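Peer 1: Have a look at the structure that comes next, please.
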Amino acid sequence: MSLEPENLSRRNWLKLGSCGFGSLALAGLTGQGHAGPQTPRAPHFTPRAKRMIFLFMNGGPSQQDTLDYKPKLFEEDGKQGKNKQKLLAPLWKFSQHGKSGLWISELLPHLAKQADHLCVVNSMQTDSRAHPLAIPQLHTGSFQFVRPSLGAWVLYGLGSPNQNLPGYVTIKPTRTFGGPSNYGNAFLPSAYQATRIGWEGQPVKDAKIGNLSNKEAGPEISGKILDLSQSMNRRLLQRSGRDPEVQGVIDSLNLSNNMQEAIPQVLDLARESPETLKLYGVGGKDTDDFGRQCLLARQLVESGVRFVEIANSGWDQHSALDTALPKRCREVDQPIAALLIDLERRGLLDDTLVFWGGEFGRQPETQILSGKVAVGRDHNAAGYTIWMAGGGVRGGLVHGTTDDLGYEAVHDKVHLHDLHATMLHLLGLDHTKLTYRYGGRDFRLTNIHGHVVEGLLT
């Protein structure tokens with residue numbers, strides 16, 4: 001598990017020297033005479049959720065085959081659609097689950113048992129159907145400019161309960177389509193960008209934490225190196241008129257020192273019971289990797305990390321929908337259901353907001369690829385599905401609808417800006433007041449847009 005400074009400026013990196021803690025200069029901590037950037041802060045109002053787990057399905061899951069039941073699409077299978085291609089009926093059966101009667105595909109049998117926890121939004125809309133634009137917009141609210149990520153805004157607004165751990169962690173993020181900017185701080189202080197664990201395509205069990213300690217020098221010499229570096233940085237801070245970038249380095253080095261003991265304990269799955277490991281699918285053929293990610297997410301939020309994102313890639317099924325989509329669902333279905341079960345039994349679900357979704361959804365038609373009809377679906381930004389659970393949302397709810405075939409949202413539309421505003425609201429933050437002044441103007445996650453979707457709240 002590596003923690004590298006992708007967004008750290010060269011100026012700050014040079015100040016760190018080679019003391020062995022440089023890769024952790026990503027988060028803040030209370031320092032001498034300084035209220036650190038992660039110090040907990042009061043929300044704007046009483047929150048429903050205290051923390052958040054963001055489950056990103058990279059590529060755009062097909063809502064027609066998973067959570068948005070379209071009986072008419074079964075009836076119209078093979079007919080020409082409005083995009084001049086053939087309509088493609090779902091390849092899997094749907095049935096109703098829970099007391100709420102949510103329609104869920106047979107691809108998600110474990111999640112179906114958690115139906116009454118799910119707040120399903122079938123009327124999502126975003127501004128682009130291109131991955132390089134839609135993924136940054138999901139994470140930052142914008143695809144036109146580099147902006148702070150959702151997690152960075154949350155950490156900036158609330159701080160973090162545990163000063164020995166980073167307040168924002170991302171596990172196996174994508175390297176492409178925005179890369180580090182999807183979990184970055186942009187113009188916010190560098191303390192608010194995420195600490196990264198692993199990369200997309202790398203098994204999480206093989207990821208290592210780099211530069212957590214200086215093994216060559218040993219604890220005693222490392223401590224002296226840290227003391228010397230900090231004394232030099234404090235003198236530089238005085239000469240620079242309390243430059244926030246210098247203060248950020250001081251905070252980061254303090255945090256890195258505390259993390260040496262805290263991080264290995266928090267990320268140790270060996271302390272979990274065999275029953276818990278089995279619940280998450282750790283050791284399973286399809287579920288091992290994502291099961292580990294979900295279990296790590298639970299361990300992190302339980303230990304006081306404010307915001308955790310985990311990702312699963314491969315949801316872009318332009319072809320091979322019949323084989324690729326079941327594989328993706330097998331990878332995440334059991335681990336996600338386990339996460340909800342585990343959070344609930346530990347008394348954490350009620351104040352932990354869990355989000356699941358991709359950057360957009362899919363079309364109801366099949367595609368023409370290389371002159372041949374493929375079993376797959378193209379991108380759809382006009383109508384798609386996400387769900388949330390816990391953290392003050394109404395479980396067992398379906399909000400909004402798309403048209404009979406699933407081309408676009410037609411009732412109770414929810415734009416991505418509205419979703420962001422609602423997430424912040426659940427965490428006790430007013431999206432219109434959570435601002436940061438930069439370049440002569442106040443910025444916010446939702447820019448000049450967004451409305452809280454009251455119908456989703458308990």
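Just remember, in the structure tokens the first chain shown is A, the second B, etc., residues are 1-based per chain, and ligands are 1-based in the order shown.
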Would you mind writing down, as a PyMOL selection string, each residue of segment 20-239 of chain A that DSSP on the backbone assigns to strand (DSSP E)?

Peer 2: chain A and resi 51-58+94-97+102-105+118-125+168-171+195-197

Peer 1: Any chance you can output those residues with N, CA and C atoms as a CSV table (one decimal), in the first residue's frame?

Peer 2:
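As a result, again24.csv now contains:
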```
chain,number,residue,atom,x,y,z
A,51,ARG,N,-19.6,10.4,8.6
A,51,ARG,CA,-18.5,9.9,7.8
A,51,ARG,C,-19.1,9.3,6.5
A,52,MET,N,-18.3,9.1,5.5
A,52,MET,CA,-18.8,8.6,4.2
A,52,MET,C,-17.9,7.6,3.6
A,53,ILE,N,-18.5,6.6,3.0
A,53,ILE,CA,-17.8,5.6,2.1
A,53,ILE,C,-18.4,5.7,0.7
A,54,PHE,N,-17.5,6.0,-0.2
A,54,PHE,CA,-17.8,6.2,-1.6
A,54,PHE,C,-17.4,5.1,-2.5
A,55,LEU,N,-18.4,4.3,-3.0
A,55,LEU,CA,-18.1,3.1,-3.8
A,55,LEU,C,-18.2,3.5,-5.2
A,56,PHE,N,-17.1,3.6,-5.9
A,56,PHE,CA,-17.1,4.1,-7.3
A,56,PHE,C,-16.9,2.9,-8.3
A,57,MET,N,-18.0,2.7,-9.1
A,57,MET,CA,-18.0,1.7,-10.1
A,57,MET,C,-17.5,2.3,-11.4
A,58,ASN,N,-16.3,2.2,-11.7
A,58,ASN,CA,-15.6,2.9,-12.8
A,58,ASN,C,-16.0,2.3,-14.2
A,94,PHE,N,-35.6,-9.9,-13.1
A,94,PHE,CA,-35.8,-9.0,-11.9
A,94,PHE,C,-36.8,-9.6,-11.0
A,95,SER,N,-36.7,-9.3,-9.7
A,95,SER,CA,-37.7,-9.7,-8.8
A,95,SER,C,-37.7,-8.7,-7.7
A,96,GLN,N,-38.8,-8.6,-6.9
A,96,GLN,CA,-38.9,-7.7,-5.8
A,96,GLN,C,-38.4,-8.2,-4.5
A,97,HIS,N,-37.8,-7.3,-3.7
A,97,HIS,CA,-37.1,-7.8,-2.5
A,97,HIS,C,-37.4,-6.9,-1.3
A,102,LEU,N,-38.4,-3.5,-3.5
A,102,LEU,CA,-37.5,-3.0,-4.6
A,102,LEU,C,-37.2,-4.0,-5.6
A,103,TRP,N,-37.3,-3.6,-6.9
A,103,TRP,CA,-36.9,-4.5,-8.0
A,103,TRP,C,-35.4,-4.5,-8.2
A,104,ILE,N,-34.8,-5.7,-8.1
A,104,ILE,CA,-33.4,-5.9,-8.2
A,104,ILE,C,-33.1,-7.1,-9.1
A,105,SER,N,-32.1,-7.0,-9.9
A,105,SER,CA,-31.7,-8.0,-10.8
A,105,SER,C,-31.1,-9.2,-10.1
A,118,LEU,N,-31.5,0.4,1.0
A,118,LEU,CA,-31.1,1.1,-0.2
A,118,LEU,C,-32.1,2.2,-0.5
A,119,CYS,N,-31.5,3.4,-0.8
A,119,CYS,CA,-32.2,4.6,-1.3
A,119,CYS,C,-31.8,4.7,-2.7
A,120,VAL,N,-32.6,4.2,-3.7
A,120,VAL,CA,-32.2,4.1,-5.1
A,120,VAL,C,-32.7,5.3,-5.8
A,121,VAL,N,-31.8,6.0,-6.5
A,121,VAL,CA,-32.2,7.1,-7.4
A,121,VAL,C,-32.1,6.7,-8.8
A,122,ASN,N,-33.2,6.5,-9.5
A,122,ASN,CA,-33.2,6.1,-10.9
A,122,ASN,C,-33.2,7.2,-11.9
A,123,SER,N,-33.2,8.5,-11.4
A,123,SER,CA,-33.4,9.6,-12.3
A,123,SER,C,-32.2,10.5,-12.3
A,124,MET,N,-31.0,9.9,-12.2
A,124,MET,CA,-29.7,10.7,-12.2
A,124,MET,C,-29.4,11.3,-13.6
A,125,GLN,N,-28.8,12.5,-13.6
A,125,GLN,CA,-28.4,13.1,-14.8
A,125,GLN,C,-27.0,13.8,-14.6
A,168,TYR,N,-8.8,11.5,4.8
A,168,TYR,CA,-9.4,11.1,3.5
A,168,TYR,C,-8.5,10.1,2.9
A,169,VAL,N,-9.0,9.0,2.6
A,169,VAL,CA,-8.2,7.9,2.0
A,169,VAL,C,-8.9,7.4,0.7
A,170,THR,N,-8.2,7.1,-0.3
A,170,THR,CA,-8.7,6.5,-1.5
A,170,THR,C,-8.0,5.2,-1.8
A,171,ILE,N,-8.7,4.2,-2.1
A,171,ILE,CA,-8.2,2.8,-2.3
A,171,ILE,C,-8.3,2.4,-3.7
A,195,THR,N,-5.0,10.4,0.9
A,195,THR,CA,-3.9,9.5,1.0
A,195,THR,C,-4.3,8.3,0.1
A,196,ARG,N,-3.4,7.9,-0.8
A,196,ARG,CA,-3.7,6.9,-1.7
A,196,ARG,C,-3.2,5.5,-1.3
A,197,ILE,N,-4.0,4.5,-1.4
A,197,ILE,CA,-3.6,3.1,-1.1
A,197,ILE,C,-3.7,2.3,-2.4
```

Peer 1: Please run DSSP on the backbone and report, as an MDAnalysis selection string, all residues within segment 215-422 of chain A that come out as helix (DSSP H, G or I).

Peer 2: chainID A and resid 218:239 244:266 269:271 274:280 288:302 321:345 349:351 416:422

Peer 1: Write out the residues from the selection above, keeping C-alpha atoms, as a CSV table (one decimal), in the first residue's frame.

Peer 2:
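Output (again33.csv):
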```csv
chain,number,residue,atom,x,y,z
A,218,GLY,CA,16.4,3.2,12.5
A,219,PRO,CA,13.9,4.8,14.9
A,220,GLU,CA,16.4,6.8,17.0
A,221,ILE,CA,18.2,8.5,14.1
A,222,SER,CA,14.9,8.9,12.2
A,223,GLY,CA,13.5,10.8,15.2
A,224,LYS,CA,16.5,13.1,15.2
A,225,ILE,CA,16.2,13.7,11.5
A,226,LEU,CA,12.6,14.6,12.0
A,227,ASP,CA,13.3,17.0,14.8
A,228,LEU,CA,16.0,18.7,12.7
A,229,SER,CA,13.7,18.9,9.7
A,230,GLN,CA,10.9,20.4,11.8
A,231,SER,CA,13.1,22.9,13.5
A,232,MET,CA,14.3,24.1,10.0
A,233,ASN,CA,10.8,24.2,8.7
A,234,ARG,CA,9.6,26.2,11.7
A,235,ARG,CA,12.3,28.8,11.2
A,236,LEU,CA,11.3,29.0,7.5
A,237,LEU,CA,7.7,29.4,8.6
A,238,GLN,CA,8.7,32.5,10.7
A,239,ARG,CA,10.7,34.0,7.9
A,244,PRO,CA,0.5,27.9,4.6
A,245,GLU,CA,2.5,25.6,2.3
A,246,VAL,CA,5.3,25.5,4.9
A,247,GLN,CA,2.8,24.9,7.7
A,248,GLY,CA,1.3,22.1,5.6
A,249,VAL,CA,4.7,20.4,5.5
A,250,ILE,CA,5.1,20.7,9.3
A,251,ASP,CA,1.6,19.2,9.8
A,252,SER,CA,2.3,16.4,7.4
A,253,LEU,CA,5.6,15.4,9.0
A,254,ASN,CA,3.9,15.3,12.4
A,255,LEU,CA,1.2,13.2,11.1
A,256,SER,CA,3.6,10.8,9.4
A,257,ASN,CA,5.4,10.3,12.7
A,258,ASN,CA,2.1,9.4,14.4
A,259,MET,CA,1.0,7.2,11.6
A,260,GLN,CA,4.0,4.9,12.0
A,261,GLU,CA,2.2,3.1,14.8
A,262,ALA,CA,-1.5,3.7,13.9
A,263,ILE,CA,-1.6,2.7,10.2
A,264,PRO,CA,-0.3,-0.9,10.5
A,265,GLN,CA,-2.8,-1.6,13.2
A,266,VAL,CA,-5.8,-0.1,11.3
A,269,LEU,CA,-6.9,-7.7,8.3
A,270,ALA,CA,-5.4,-10.5,10.4
A,271,ARG,CA,-7.2,-9.1,13.5
A,274,PRO,CA,-12.7,-15.8,10.2
A,275,GLU,CA,-16.4,-15.2,10.2
A,276,THR,CA,-15.9,-11.6,9.2
A,277,LEU,CA,-13.4,-12.4,6.5
A,278,LYS,CA,-15.8,-15.0,5.1
A,279,LEU,CA,-18.7,-12.5,5.2
A,280,TYR,CA,-16.8,-10.1,3.0
A,288,ASP,CA,-11.2,-11.4,-2.5
A,289,ASP,CA,-9.9,-8.1,-3.8
A,290,PHE,CA,-13.0,-6.0,-3.5
A,291,GLY,CA,-13.9,-7.7,-0.2
A,292,ARG,CA,-10.5,-6.6,1.2
A,293,GLN,CA,-11.2,-3.1,0.0
A,294,CYS,CA,-14.6,-3.0,1.7
A,295,LEU,CA,-13.2,-4.4,4.9
A,296,LEU,CA,-10.4,-1.8,4.9
A,297,ALA,CA,-13.0,0.9,4.4
A,298,ARG,CA,-14.9,-0.3,7.4
A,299,GLN,CA,-11.7,-0.4,9.5
A,300,LEU,CA,-10.7,3.1,8.4
A,301,VAL,CA,-14.1,4.8,9.2
A,302,GLU,CA,-14.4,2.9,12.4
A,321,LEU,CA,-22.3,-7.5,-21.6
A,322,ASP,CA,-23.4,-11.1,-21.1
A,323,THR,CA,-20.1,-12.2,-19.6
A,324,ALA,CA,-18.4,-9.0,-18.3
A,325,LEU,CA,-21.3,-7.6,-16.3
A,326,PRO,CA,-21.9,-10.8,-14.3
A,327,LYS,CA,-18.2,-10.9,-13.4
A,328,ARG,CA,-18.3,-7.3,-12.2
A,329,CYS,CA,-21.4,-8.0,-10.1
A,330,ARG,CA,-19.9,-11.1,-8.6
A,331,GLU,CA,-16.8,-9.1,-7.5
A,332,VAL,CA,-18.8,-6.4,-5.7
A,333,ASP,CA,-22.2,-7.9,-4.7
A,334,GLN,CA,-21.2,-10.0,-1.6
A,335,PRO,CA,-18.5,-7.5,-0.3
A,336,ILE,CA,-20.9,-4.5,-0.5
A,337,ALA,CA,-23.7,-6.4,1.2
A,338,ALA,CA,-21.2,-7.5,3.9
A,339,LEU,CA,-20.2,-3.8,4.4
A,340,LEU,CA,-23.8,-2.8,5.0
A,341,ILE,CA,-24.3,-5.8,7.4
A,342,ASP,CA,-21.0,-5.1,9.2
A,343,LEU,CA,-21.6,-1.4,9.6
A,344,GLU,CA,-25.1,-2.1,11.0
A,345,ARG,CA,-24.1,-4.7,13.5
A,349,LEU,CA,-24.6,2.4,9.5
A,350,ASP,CA,-27.0,5.0,10.9
A,351,ASP,CA,-24.3,7.7,10.8
A,416,LEU,CA,-25.1,15.4,-10.1
A,417,HIS,CA,-24.9,18.9,-8.5
A,418,ASP,CA,-28.1,18.1,-6.6
A,419,LEU,CA,-26.5,14.8,-5.4
A,420,HIS,CA,-23.4,16.6,-4.2
A,421,ALA,CA,-25.5,19.2,-2.4
A,422,THR,CA,-27.5,16.4,-0.7
```

Peer 1: Which is closest to Asp404 of chain A among A:Ala152, A:Leu87, A:Leu73, A:Ala49, if we use only C-alpha atoms?

Peer 2: A:Leu73

Peer 1: What does the structure give for the distance between atom CA of Glu76 of chain A and atom CA of Gln63 of chain A, in Å to one decimal?

Peer 2: 17.1 Å

Peer 1: Rank A:Gly304, A:Arg394, A:His110, A:Ala115 by their smallest atom-to-atom distance to Leu348 of chain A, using only C-alpha atoms, and report the top residue only.

Peer 2: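 Of A:Gly304, A:Arg394, A:His110, A:Ala115, the one nearest Leu348 of chain A, counting only C-alpha atoms, is A:Gly304.
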
Peer 1: Looking at A:Gly395, A:Leu165, A:Thr39, A:Thr366, which one is nearest to Lys84 of chain A, with distances taken over only C-alpha atoms?

Peer 2: A:Thr366

Peer 1: Show which residues sit within 9 Å of Gln64 of chain A, as a PyMOL selection string. Count only C-alpha atoms, and ignore same-chain residues fewer than 4 positions away.

Peer 2: chain A and resi 68-70+73+89-90+105+361-364+384-385+405-406

Peer 1: Take the selection from the previous step and output its residues with C-alpha atoms, as a PDB file, in the first residue's frame.

Peer 2:
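Listed below is the output, part_2.pdb:
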```
ATOM      1  CA  ASP A  68     -33.884   0.057 -12.997  1.00  0.00           C
ATOM      2  CA  TYR A  69     -36.556  -2.484 -13.949  1.00  0.00           C
ATOM      3  CA  LYS A  70     -38.023  -1.813 -17.399  1.00  0.00           C
ATOM      4  CA  LEU A  73     -37.794  -3.118 -22.635  1.00  0.00           C
ATOM      5  CA  ALA A  89     -33.775  -6.429 -23.280  1.00  0.00           C
ATOM      6  CA  PRO A  90     -32.081  -7.182 -19.955  1.00  0.00           C
ATOM      7  CA  SER A 105     -31.740  -8.034 -10.830  1.00  0.00           C
ATOM      8  CA  GLY A 361     -25.250   4.751 -16.995  1.00  0.00           C
ATOM      9  CA  ARG A 362     -26.054   2.885 -20.237  1.00  0.00           C
ATOM     10  CA  GLN A 363     -28.453   3.061 -23.174  1.00  0.00           C
ATOM     11  CA  PRO A 364     -31.368   0.651 -23.701  1.00  0.00           C
ATOM     12  CA  TYR A 384     -28.965   6.496 -14.828  1.00  0.00           C
ATOM     13  CA  THR A 385     -29.016   4.956 -11.355  1.00  0.00           C
ATOM     14  CA  LEU A 405     -37.228   2.196 -22.035  1.00  0.00           C
ATOM     15  CA  GLY A 406     -34.597   4.023 -19.953  1.00  0.00           C
TER      16      GLY A 406
END
```

Peer 1: So what do you get for atom CA of Asn182 of chain A versus atom CA of Gly314 of chain A, distance-wise?

Peer 2: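 Going from atom CA of Asn182 of chain A over to atom CA of Gly314 of chain A, I get 17.6 Å.
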
Peer 1: Find the residues near segment 432-439 of chain A: any atom within 10 Å, counting only C-alpha atoms, skip ones fewer than 3 places away on the same chain, and give them as a list in words.

Peer 2: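 Surrounding residues, per the criterion: Pro43, His44, Trp153, Val154, Tyr156, Gly157, Phe187, Leu188, Ala421, Leu424, Leu429, Asp442, Phe443, Arg444, Leu445, Thr446, Asn447, Ile448, His449, Gly450 and His451 of chain A.
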
Peer 1: Which is closer to His139 of chain A than all the others in A:Ser313, A:Leu111, A:Ser181, A:Ala217, using only C-alpha atoms?

Peer 2: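 The answer is A:Ser181, which sits nearest to His139 of chain A.
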